[in-house]
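Remarks on the structure that follows.
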Amino acid sequence: MAKTPVTFTLNGAEAATFVDPGANLLEVLRRNLGDLTPKFGCGQGTCGSCTVMIDGQPRLSCLTLAETVEGQNVETTNGLANGPDLHALQQAFIDGFAAQCGFCSPGMLMSAKALLDRNPSPTRDEVIEAISGNLCRCTGYEPIVEAILTAARAPRRAVGNTVGTVVGTAVGRPA
Amino acid sequence: MLEVVTTATLAEAAAAMGPGARFLGGGTLVMRAVNYTSPHVTRIVRTTERLDDIRADGGRIRIGAGVTMAGLIAARETDFLAPAARAVGGPQVRAQATVGGNLCAPHPYGDLAVALLALDAVVHLSGGGEMPLENFLANRRQSGLVAAISVARPMGDAFRFRKVSRVKPKGISVLSMAAHLNRSAGRLSGVRVAYGAMGPKPLRVLSVERALEGADLTAQGVTPALAAATDGLDPPDDALASAWYRREVAPVHLRRLLLGDA
């Protein structure tokens with residue numbers, strides 16, 4: 001089976017691999033590149049647990065043909081923490097008990113990051129809208145919404161990746 | 001065995017289509033079939049040609065087939081389509097799903113196509129041909145690849161769109177409705193009404209259009225249109241709603257759409 005080479009930026013570092021015909025980005029991230037943070041939930045665009053960011057937009061990696069991300073900038077939950085320093089969203093999820101089983105958390109975090117990168121002080125309705133494509137079967141959503149609002153209010157600090165040039169954006173604003 | 005054909009132009013992509021081939025578009029429908037190893041998809045065709053421009057073109061707005069729902073929402077020229085684009089999927093799907101793909105989406109998808117149908121959109125095909133969206137939808141498997149659509153900007157509040165779903169803000173259509181309420185000397189004239197999820201594909205509702213001709217937009221004026229709300233239609237029975245339910249609620253939502261009620 002002929003494989004296709006694909007090169008893109010993954011959390012600030014160059015990633016290069018060969019993909020099978022029809023392989024989706026989620027498979028390539030998990031199997032080829034060992035980034036296990038995006039999850040396979042449904043494979044049909046319903047659950048959002050495979051959410052990553054591509055060129056700043058929240059996207060479903062399971063519905064993205066892997067070779068279409070050639071030259072693009074892919075961010076996953078793996079790139080959120082800066083060494084031992086958690087991203088404000090991760091810290092808020094921990095502090096606010098926004099994860100129970102945790103399966104939806106990486107997708108939730110990336111949808112939330114895409115929102116805060118674009119809109120650092122969202123309203124509650126904007127948060128609800130931003131995670132409307134992510135299912136959670138444990139928390140009832142309320143702790144997640146609260147955590148995202150808390151992260152948005154957290155002191156501004158640099159976030160992003162430990163390697164290479166970073167696309168990171170500051171999150172939140174001084175209260 | 002699955003193969004992926006990547007072309008530099010849409011015209012080359014059109015030439016690569018054939019039995020078992022699906023054009024990728026944004027991928028939200030094609031990749032779902034691929035992930036579930038659909039035997040109906042043996043070739044994915046895609047193009048690296050950018051088809052994502054939106055421009056005003058002699059009073060009409062031309063929208064590239066590759067413009068995403070998020071792109072439609074963000075662009076000032078297409079603000080009148082934003083309510084329909086926002087009704088599609090969640091944020092991730094909207095960042096990916098394209099205008100061209102929505103025209104080809106099977107029931108219960110295609111909310112944007114419903115809006116475009118009510119606006120008398122024209123489909124521009126790869127290779128240069130064009131046809132009214134209604135004709136394109138009638139035979140969309142064979143109609144060819146979409147390069148762009150064009151549509152005239154509706155006046156004032158003449159254009160209305162409504163989607164009914166059980167889950168909000170992200171839910172699949174129980175039904176969707178769009179109306180373009182053209183007026184002439186205070187009376188409705190040349191009205192277009194379209195439904196989604198009330199048949200196998202987005203459709204114009206000629207019975208309602210006829211009943212609204214010459215009427216005025218009052219509770220009394222729209223009564224005949226409500227009575228004709230589902231004439232000649234055969235709404236689907238599916239997991240979202242029964243055909244009976246769709247028939248029952250269609251006039252209620254049509255009244256709200258026409259009279260601007262919440």
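As shown in the structure tokens, the chain order sets the letters A, B, ...; within each chain, residues go from 1, and ligands are also counted from 1 in the order they appear.
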
Using only C-alpha atoms and a distance of at most 8 Å, pull out the residues of chain A that contact chain B, as an mmCIF file with N, CA and C atoms, in the first residue's frame.
```cif
data_model
loop_
_atom_site.group_PDB
_atom_site.id
_atom_site.type_symbol
_atom_site.label_atom_id
_atom_site.label_comp_id
_atom_site.auth_asym_id
_atom_site.auth_seq_id
_atom_site.Cartn_x
_atom_site.Cartn_y
_atom_site.Cartn_z
ATOM 1 N N PRO A 21 -3.340 5.473 2.798
ATOM 2 C CA PRO A 21 -4.452 6.122 2.102
ATOM 3 C C PRO A 21 -5.699 6.153 2.997
ATOM 4 N N GLY A 22 -6.281 7.307 3.165
ATOM 5 C CA GLY A 22 -7.505 7.427 3.946
ATOM 6 C C GLY A 22 -7.287 7.532 5.439
ATOM 7 N N ASN A 24 -6.852 8.964 9.010
ATOM 8 C CA ASN A 24 -7.250 10.252 9.573
ATOM 9 C C ASN A 24 -6.152 10.767 10.504
ATOM 10 N N GLY A 43 -15.549 8.447 16.050
ATOM 11 C CA GLY A 43 -15.119 8.327 14.652
ATOM 12 C C GLY A 43 -16.089 8.920 13.658
ATOM 13 N N GLN A 44 -17.087 9.660 14.145
ATOM 14 C CA GLN A 44 -18.063 10.218 13.200
ATOM 15 C C GLN A 44 -18.422 11.668 13.479
ATOM 16 N N GLY A 45 -17.650 12.325 14.334
ATOM 17 C CA GLY A 45 -17.869 13.762 14.503
ATOM 18 C C GLY A 45 -18.949 14.110 15.507
ATOM 19 N N GLY A 48 -16.436 14.784 19.854
ATOM 20 C CA GLY A 48 -15.444 15.842 20.063
ATOM 21 C C GLY A 48 -14.231 15.444 20.877
ATOM 22 N N THR A 51 -10.754 16.318 19.441
ATOM 23 C CA THR A 51 -10.530 17.713 19.037
ATOM 24 C C THR A 51 -9.070 18.128 19.194
ATOM 25 N N GLN A 57 -7.797 26.847 14.651
ATOM 26 C CA GLN A 57 -9.223 26.525 14.733
ATOM 27 C C GLN A 57 -9.436 25.159 15.367
ATOM 28 N N PRO A 58 -10.507 25.001 16.130
ATOM 29 C CA PRO A 58 -10.802 23.672 16.694
ATOM 30 C C PRO A 58 -11.256 22.748 15.577
ATOM 31 N N ARG A 59 -10.689 21.563 15.532
ATOM 32 C CA ARG A 59 -11.031 20.636 14.450
ATOM 33 C C ARG A 59 -11.125 19.222 14.996
ATOM 34 N N LEU A 60 -11.883 18.393 14.289
ATOM 35 C CA LEU A 60 -12.024 16.997 14.678
ATOM 36 C C LEU A 60 -10.954 16.200 13.948
ATOM 37 N N CYS A 62 -10.413 13.094 13.886
ATOM 38 C CA CYS A 62 -10.876 11.840 13.287
ATOM 39 C C CYS A 62 -11.553 12.070 11.943
ATOM 40 N N LEU A 63 -12.006 13.296 11.674
ATOM 41 C CA LEU A 63 -12.645 13.581 10.388
ATOM 42 C C LEU A 63 -11.716 14.389 9.474
ATOM 43 N N THR A 64 -10.447 14.464 9.852
ATOM 44 C CA THR A 64 -9.476 15.195 9.033
ATOM 45 C C THR A 64 -8.572 14.184 8.329
ATOM 46 N N LEU A 65 -8.614 14.174 7.021
ATOM 47 C CA LEU A 65 -7.705 13.313 6.254
ATOM 48 C C LEU A 65 -6.283 13.772 6.563
ATOM 49 N N GLU A 129 -21.352 27.574 23.968
ATOM 50 C CA GLU A 129 -21.321 27.404 22.514
ATOM 51 C C GLU A 129 -20.002 26.744 22.076
ATOM 52 N N ALA A 130 -18.897 27.189 22.672
ATOM 53 C CA ALA A 130 -17.574 26.708 22.248
ATOM 54 C C ALA A 130 -17.381 25.215 22.538
ATOM 55 N N ILE A 131 -18.011 24.709 23.590
ATOM 56 C CA ILE A 131 -17.858 23.275 23.896
ATOM 57 C C ILE A 131 -19.095 22.468 23.480
ATOM 58 N N SER A 132 -19.932 23.081 22.638
ATOM 59 C CA SER A 132 -21.160 22.380 22.234
ATOM 60 C C SER A 132 -20.858 21.168 21.352
ATOM 61 N N GLY A 133 -19.659 21.118 20.788
ATOM 62 C CA GLY A 133 -19.297 19.957 19.975
ATOM 63 C C GLY A 133 -18.529 18.902 20.753
#
```

For Thr9 of chain B, work out the shell of residues within 12 Å, counting only C-alpha atoms and skipping chain neighbours fewer than 4 positions away, then give it as a CSV table (one decimal) with N, CA and C atoms, in the first residue's frame.
```csv
chain,number,residue,atom,x,y,z
B,5,VAL,N,-6.7,10.5,-4.4
B,5,VAL,CA,-6.2,11.2,-5.6
B,5,VAL,C,-6.2,12.7,-5.2
B,13,ALA,N,-9.8,17.3,-10.6
B,13,ALA,CA,-10.5,16.5,-9.6
B,13,ALA,C,-11.8,16.0,-10.2
B,14,ALA,N,-12.5,16.8,-11.0
B,14,ALA,CA,-13.7,16.4,-11.6
B,14,ALA,C,-13.5,15.2,-12.6
B,15,ALA,N,-12.3,15.3,-13.2
B,15,ALA,CA,-12.0,14.2,-14.2
B,15,ALA,C,-11.6,12.9,-13.4
B,16,ALA,N,-11.2,13.0,-12.2
B,16,ALA,CA,-10.9,11.8,-11.4
B,16,ALA,C,-12.1,11.2,-10.7
B,45,VAL,N,-11.2,11.8,-3.6
B,45,VAL,CA,-10.6,12.8,-4.6
B,45,VAL,C,-10.6,14.1,-3.9
B,46,ARG,N,-9.5,14.8,-3.9
B,46,ARG,CA,-9.4,16.1,-3.3
B,46,ARG,C,-8.5,17.0,-4.2
B,47,THR,N,-8.6,18.3,-4.0
B,47,THR,CA,-7.8,19.3,-4.8
B,47,THR,C,-7.1,20.2,-3.8
B,48,THR,N,-5.9,20.6,-4.2
B,48,THR,CA,-5.3,21.7,-3.4
B,48,THR,C,-5.6,23.1,-3.9
B,49,GLU,N,-6.5,23.2,-4.9
B,49,GLU,CA,-6.9,24.5,-5.4
B,49,GLU,C,-7.7,25.1,-4.3
B,50,ARG,N,-7.4,26.4,-4.0
B,50,ARG,CA,-8.2,27.1,-3.0
B,50,ARG,C,-9.5,27.6,-3.5
B,51,LEU,N,-10.5,27.2,-2.9
B,51,LEU,CA,-11.9,27.6,-3.4
B,51,LEU,C,-12.6,28.3,-2.3
B,126,SER,N,-17.6,23.2,-11.7
B,126,SER,CA,-16.2,23.1,-12.3
B,126,SER,C,-16.4,22.9,-13.8
B,127,GLY,N,-15.6,23.6,-14.6
B,127,GLY,CA,-15.9,23.5,-16.0
B,127,GLY,C,-16.7,24.6,-16.6
B,145,LEU,N,-18.9,18.6,-9.9
B,145,LEU,CA,-18.3,19.3,-8.7
B,145,LEU,C,-18.7,20.7,-8.7
B,147,ALA,N,-18.0,24.5,-7.9
B,147,ALA,CA,-16.8,25.4,-7.8
B,147,ALA,C,-17.2,26.6,-6.8
```

May I have all residues of segment 34-261 of chain B that DSSP, computed from the backbone, assigns to helix (DSSP H, G or I), given as a ChimeraX atom specification?
/B:34-35,69-74,76-86,91-94,99-103,111-118,133-138,206-212,223-227,243-259

Contacts of segment 36-81 of chain A with segment 135-153 of chain A up to 10 Å, shortest pair per row, only C-alpha atoms, as a Markdown table:
```
| residue | atom | partner | partner_atom | distance |
| --- | --- | --- | --- | --- |
| A:Gly41 | CA | A:Leu135 | CA | 9.6 |
| A:Thr46 | CA | A:Leu135 | CA | 7.8 |
| A:Cys47 | CA | A:Leu135 | CA | 5.0 |
| A:Gly48 | CA | A:Leu135 | CA | 6.4 |
| A:Ser49 | CA | A:Leu135 | CA | 7.5 |
```

Keeping only N, CA and C atoms, write the selected residues to a file as an mmCIF file, in the first residue's frame.
```
data_model
loop_
_atom_site.group_PDB
_atom_site.id
_atom_site.type_symbol
_atom_site.label_atom_id
_atom_site.label_comp_id
_atom_site.auth_asym_id
_atom_site.auth_seq_id
_atom_site.Cartn_x
_atom_site.Cartn_y
_atom_site.Cartn_z
ATOM 1 N N GLY A 41 -13.333 8.595 20.137
ATOM 2 C CA GLY A 41 -14.598 8.345 20.821
ATOM 3 C C GLY A 41 -15.588 7.701 19.881
ATOM 4 N N THR A 46 -19.317 13.178 16.348
ATOM 5 C CA THR A 46 -20.375 13.444 17.314
ATOM 6 C C THR A 46 -19.828 13.862 18.674
ATOM 7 N N CYS A 47 -18.700 13.262 19.105
ATOM 8 C CA CYS A 47 -18.324 13.380 20.519
ATOM 9 C C CYS A 47 -17.278 14.452 20.814
ATOM 10 N N GLY A 48 -16.436 14.784 19.854
ATOM 11 C CA GLY A 48 -15.444 15.842 20.063
ATOM 12 C C GLY A 48 -14.231 15.444 20.877
ATOM 13 N N SER A 49 -14.102 14.159 21.266
ATOM 14 C CA SER A 49 -12.961 13.799 22.120
ATOM 15 C C SER A 49 -11.642 13.789 21.345
#
```

Between B:Ala121, B:Arg62, B:Phe161, B:Ala194, which one has atoms that come closest to Ala82 of chain B, using only C-alpha atoms?
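Checking each of B:Ala121, B:Arg62, B:Phe161, B:Ala194 against Ala82 of chain B, counting only C-alpha atoms, the winner is B:Phe161.
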
Find the spatial neighbours of His107 of chain B, counting only C-alpha atoms, within a cut-off of 7 Å - ignore same-chain residues fewer than 6 positions away - and output them as a PyMOL selection string.
chain B and resi 197+200-201

Could you take the residues named above and write them with C-alpha atoms, as an mmCIF file, in the first residue's frame?
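Final output, selection-v7.cif:
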```cif
data_model
loop_
_atom_site.group_PDB
_atom_site.id
_atom_site.type_symbol
_atom_site.label_atom_id
_atom_site.label_comp_id
_atom_site.auth_asym_id
_atom_site.auth_seq_id
_atom_site.Cartn_x
_atom_site.Cartn_y
_atom_site.Cartn_z
ATOM 1 C CA ALA B 197 -35.421 17.295 6.829
ATOM 2 C CA PRO B 200 -34.913 13.179 1.193
ATOM 3 C CA LYS B 201 -33.222 16.494 0.432
#
```

His124 of chain B: which residues within 8 Å, counting only C-alpha atoms, same-chain residues fewer than 2 positions away excluded, as a ChimeraX atom specification?
/B:122,126,128-131,146-150

Taking C-alpha atoms for each residue, export the selection above as an mmCIF file, in the first residue's frame.
```cif
data_model
loop_
_atom_site.group_PDB
_atom_site.id
_atom_site.type_symbol
_atom_site.label_atom_id
_atom_site.label_comp_id
_atom_site.auth_asym_id
_atom_site.auth_seq_id
_atom_site.Cartn_x
_atom_site.Cartn_y
_atom_site.Cartn_z
ATOM 1 C CA VAL B 122 -27.041 29.590 -8.455
ATOM 2 C CA SER B 126 -16.214 23.124 -12.309
ATOM 3 C CA GLY B 128 -17.841 26.706 -16.108
ATOM 4 C CA GLY B 129 -21.477 25.589 -16.254
ATOM 5 C CA GLU B 130 -24.095 26.935 -13.887
ATOM 6 C CA MET B 131 -27.588 25.966 -12.827
ATOM 7 C CA VAL B 146 -19.330 22.613 -7.283
ATOM 8 C CA ALA B 147 -16.821 25.448 -7.766
ATOM 9 C CA ALA B 148 -18.908 28.192 -6.154
ATOM 10 C CA ILE B 149 -22.402 29.403 -5.491
ATOM 11 C CA SER B 150 -23.752 32.879 -6.011
#
```
